Amino acid sequence: LNRKLPHIHARIWPARFSTRDAGDATSDYEGCYLIGLTRAKDIDSNTTIDGTASKEALKSTLDRFEEQIRSDDRYYDPTSSWVQVTHVKQSALGDLALDTREWGVYVADDEADSDSEDKDLESEDDLPGELAATTLQEPRITPVAAAKLRPAADILSRLRWDPNLDSQNYIVGYEDRFLGAKEIALERWKTEQTDDEFIPQHRILYFKRRSDGVVVWDRKMRVDLMFRSGASGAGGVERREEE
């Protein structure tokens, strides 16, 4: 959007939404993310903007974004979910509410399947003041492993400071903003935000042992062999690394 529409400022709402009457676990699991669009404040008010060209550029950008999501088979499975990116007016969003459900702790229910942005946005040429909505839907679901998963920060601290663990034997898997999933040695992971190589911890995907390739913590699968949280069950874990 910055390249195609430099006069438009895009801001994603940092939460997922659903309709207020979204069903329970027996209905399709649907939600959306909102991206607010408004005129950039640093654009000269005398700058002439071609509304028609802007709409075409926006549609092209959103179509490409949707295609990128659909083509990434690491996160998108067309047999069990769908995604659609649409450009709509703020007034056409309907009655939305914050979606507090934990999507990551649900899996498809095979048995069930077998039976069957802000108010101050201003309008200009029907472009600023509108919202791009990313809608996702998953099939009927059954909650599993609802126990809270220990955060990556806890795993990182233990791997670094537990005297019974060899920190050099671990790898951090993380999501690169441009290159996708990447790996880096634990000892190279930077935690200081002022460091040029700093990567936010929310982009950590997993921790893995070098010696045997065992993933000891996985955000998506909710696996935690270090503290036995999430889908790994309650209780502790043997502190001896070989166990």
# chains A, B, ... in the order shown; residues from 1 in each chain; ligands from 1
$ residues_around --residues "stretch 174-184 of chain A" --least-positions-apart "3" --cutoff "10 Å" --atoms "only C-alpha atoms" --output "ChimeraX atom specification"
/A:72,74,170-171,187-189,199-208
$ select_by_dssp --residues "stretch 30-84 of chain A" --states "alpha helix (DSSP H)" --output "count of residues only"
21
$ atom_distance --atom1 "atom CA of A:Arg70" --atom2 "atom CA of A:Ala53"
25.9 Å
$ residues_around --residues "A:Arg160" --least-positions-apart "5" --cutoff "10 Å" --atoms "only C-alpha atoms" --output "list in words"
Ile155, Leu165, Asp166, Ser167, Gln168, Tyr170, Leu186 and Glu187 of chain A
$ residues_around --residues "A:Thr100" --least-positions-apart "2" --cutoff "8 Å" --atoms "only C-alpha atoms" --output "list in words"
Arg16, Leu98 and Glu102 of chain A
$ residues_around --residues "A:Val215" --least-positions-apart "2" --cutoff "12 Å" --atoms "only C-alpha atoms" --output "VMD selection string"
chain A and resid 155 169 to 173 205 to 213 217 to 226
$ write_last_selection --atoms "N, CA and C atoms" --output "PDB file, in the first residue's frame"
ATOM      1  N   ILE A 155      10.628 -19.917  28.011  1.00  0.00           N
ATOM      2  CA  ILE A 155      11.457 -20.982  27.435  1.00  0.00           C
ATOM      3  C   ILE A 155      12.864 -20.445  27.171  1.00  0.00           C
ATOM      4  N   ASN A 169      23.054 -25.987  22.393  1.00  0.00           N
ATOM      5  CA  ASN A 169      22.429 -27.143  21.736  1.00  0.00           C
ATOM      6  C   ASN A 169      21.032 -26.821  21.226  1.00  0.00           C
ATOM      7  N   TYR A 170      20.657 -25.521  21.229  1.00  0.00           N
ATOM      8  CA  TYR A 170      19.289 -25.168  20.860  1.00  0.00           C
ATOM      9  C   TYR A 170      19.246 -24.141  19.724  1.00  0.00           C
ATOM     10  N   ILE A 171      18.171 -24.248  18.962  1.00  0.00           N
ATOM     11  CA  ILE A 171      17.929 -23.377  17.804  1.00  0.00           C
ATOM     12  C   ILE A 171      16.582 -22.691  17.990  1.00  0.00           C
ATOM     13  N   VAL A 172      16.503 -21.447  17.560  1.00  0.00           N
ATOM     14  CA  VAL A 172      15.250 -20.696  17.610  1.00  0.00           C
ATOM     15  C   VAL A 172      14.667 -20.621  16.192  1.00  0.00           C
ATOM     16  N   GLY A 173      13.424 -21.085  16.048  1.00  0.00           N
ATOM     17  CA  GLY A 173      12.717 -20.926  14.783  1.00  0.00           C
ATOM     18  C   GLY A 173      11.837 -19.696  14.883  1.00  0.00           C
ATOM     19  N   LEU A 205       8.601 -19.015  16.592  1.00  0.00           N
ATOM     20  CA  LEU A 205       7.698 -20.114  16.226  1.00  0.00           C
ATOM     21  C   LEU A 205       7.947 -21.357  17.070  1.00  0.00           C
ATOM     22  N   TYR A 206       9.227 -21.662  17.321  1.00  0.00           N
ATOM     23  CA  TYR A 206       9.551 -22.875  18.066  1.00  0.00           C
ATOM     24  C   TYR A 206      10.989 -22.829  18.573  1.00  0.00           C
ATOM     25  N   PHE A 207      11.304 -23.739  19.499  1.00  0.00           N
ATOM     26  CA  PHE A 207      12.665 -23.979  19.960  1.00  0.00           C
ATOM     27  C   PHE A 207      12.970 -25.453  19.679  1.00  0.00           C
ATOM     28  N   LYS A 208      14.170 -25.726  19.174  1.00  0.00           N
ATOM     29  CA  LYS A 208      14.519 -27.089  18.774  1.00  0.00           C
ATOM     30  C   LYS A 208      15.929 -27.431  19.233  1.00  0.00           C
ATOM     31  N   ARG A 209      16.126 -28.719  19.631  1.00  0.00           N
ATOM     32  CA  ARG A 209      17.466 -29.184  20.004  1.00  0.00           C
ATOM     33  C   ARG A 209      18.257 -29.514  18.757  1.00  0.00           C
ATOM     34  N   ARG A 210      19.513 -29.135  18.740  1.00  0.00           N
ATOM     35  CA  ARG A 210      20.398 -29.468  17.625  1.00  0.00           C
ATOM     36  C   ARG A 210      20.696 -30.970  17.590  1.00  0.00           C
ATOM     37  N   SER A 211      20.949 -31.561  18.769  1.00  0.00           N
ATOM     38  CA  SER A 211      21.474 -32.922  18.855  1.00  0.00           C
ATOM     39  C   SER A 211      20.549 -33.976  18.264  1.00  0.00           C
ATOM     40  N   ASP A 212      19.233 -33.831  18.486  1.00  0.00           N
ATOM     41  CA  ASP A 212      18.310 -34.851  17.988  1.00  0.00           C
ATOM     42  C   ASP A 212      17.145 -34.293  17.181  1.00  0.00           C
ATOM     43  N   GLY A 213      17.117 -32.966  17.002  1.00  0.00           N
ATOM     44  CA  GLY A 213      16.061 -32.360  16.192  1.00  0.00           C
ATOM     45  C   GLY A 213      14.707 -32.276  16.867  1.00  0.00           C
ATOM     46  N   TRP A 217       9.472 -26.707  22.142  1.00  0.00           N
ATOM     47  CA  TRP A 217       8.383 -25.741  22.315  1.00  0.00           C
ATOM     48  C   TRP A 217       7.922 -25.313  20.947  1.00  0.00           C
ATOM     49  N   ASP A 218       6.611 -25.345  20.713  1.00  0.00           N
ATOM     50  CA  ASP A 218       6.049 -24.980  19.417  1.00  0.00           C
ATOM     51  C   ASP A 218       4.784 -24.167  19.654  1.00  0.00           C
ATOM     52  N   ARG A 219       4.796 -22.927  19.193  1.00  0.00           N
ATOM     53  CA  ARG A 219       3.661 -22.042  19.439  1.00  0.00           C
ATOM     54  C   ARG A 219       2.392 -22.543  18.754  1.00  0.00           C
ATOM     55  N   LYS A 220       2.484 -22.907  17.482  1.00  0.00           N
ATOM     56  CA  LYS A 220       1.296 -23.306  16.729  1.00  0.00           C
ATOM     57  C   LYS A 220       0.710 -24.613  17.250  1.00  0.00           C
ATOM     58  N   MET A 221       1.562 -25.597  17.531  1.00  0.00           N
ATOM     59  CA  MET A 221       1.098 -26.895  18.004  1.00  0.00           C
ATOM     60  C   MET A 221       0.853 -26.909  19.507  1.00  0.00           C
ATOM     61  N   ARG A 222       1.212 -25.818  20.203  1.00  0.00           N
ATOM     62  CA  ARG A 222       1.025 -25.675  21.648  1.00  0.00           C
ATOM     63  C   ARG A 222       1.766 -26.762  22.419  1.00  0.00           C
ATOM     64  N   VAL A 223       2.960 -27.085  21.933  1.00  0.00           N
ATOM     65  CA  VAL A 223       3.807 -28.096  22.566  1.00  0.00           C
ATOM     66  C   VAL A 223       4.816 -27.403  23.468  1.00  0.00           C
ATOM     67  N   ASP A 224       4.988 -27.925  24.682  1.00  0.00           N
ATOM     68  CA  ASP A 224       5.965 -27.381  25.612  1.00  0.00           C
ATOM     69  C   ASP A 224       6.541 -28.531  26.439  1.00  0.00           C
ATOM     70  N   LEU A 225       7.722 -28.995  26.046  1.00  0.00           N
ATOM     71  CA  LEU A 225       8.372 -30.080  26.766  1.00  0.00           C
ATOM     72  C   LEU A 225       9.243 -29.571  27.907  1.00  0.00           C
ATOM     73  N   MET A 226       9.367 -28.248  28.039  1.00  0.00           N
ATOM     74  CA  MET A 226      10.194 -27.670  29.088  1.00  0.00           C
ATOM     75  C   MET A 226       9.422 -27.516  30.401  1.00  0.00           C
TER      76      MET A 226
END
$ atom_distance --atom1 "atom CA of A:Thr38" --atom2 "atom CA of A:Trp13"
13.4 Å
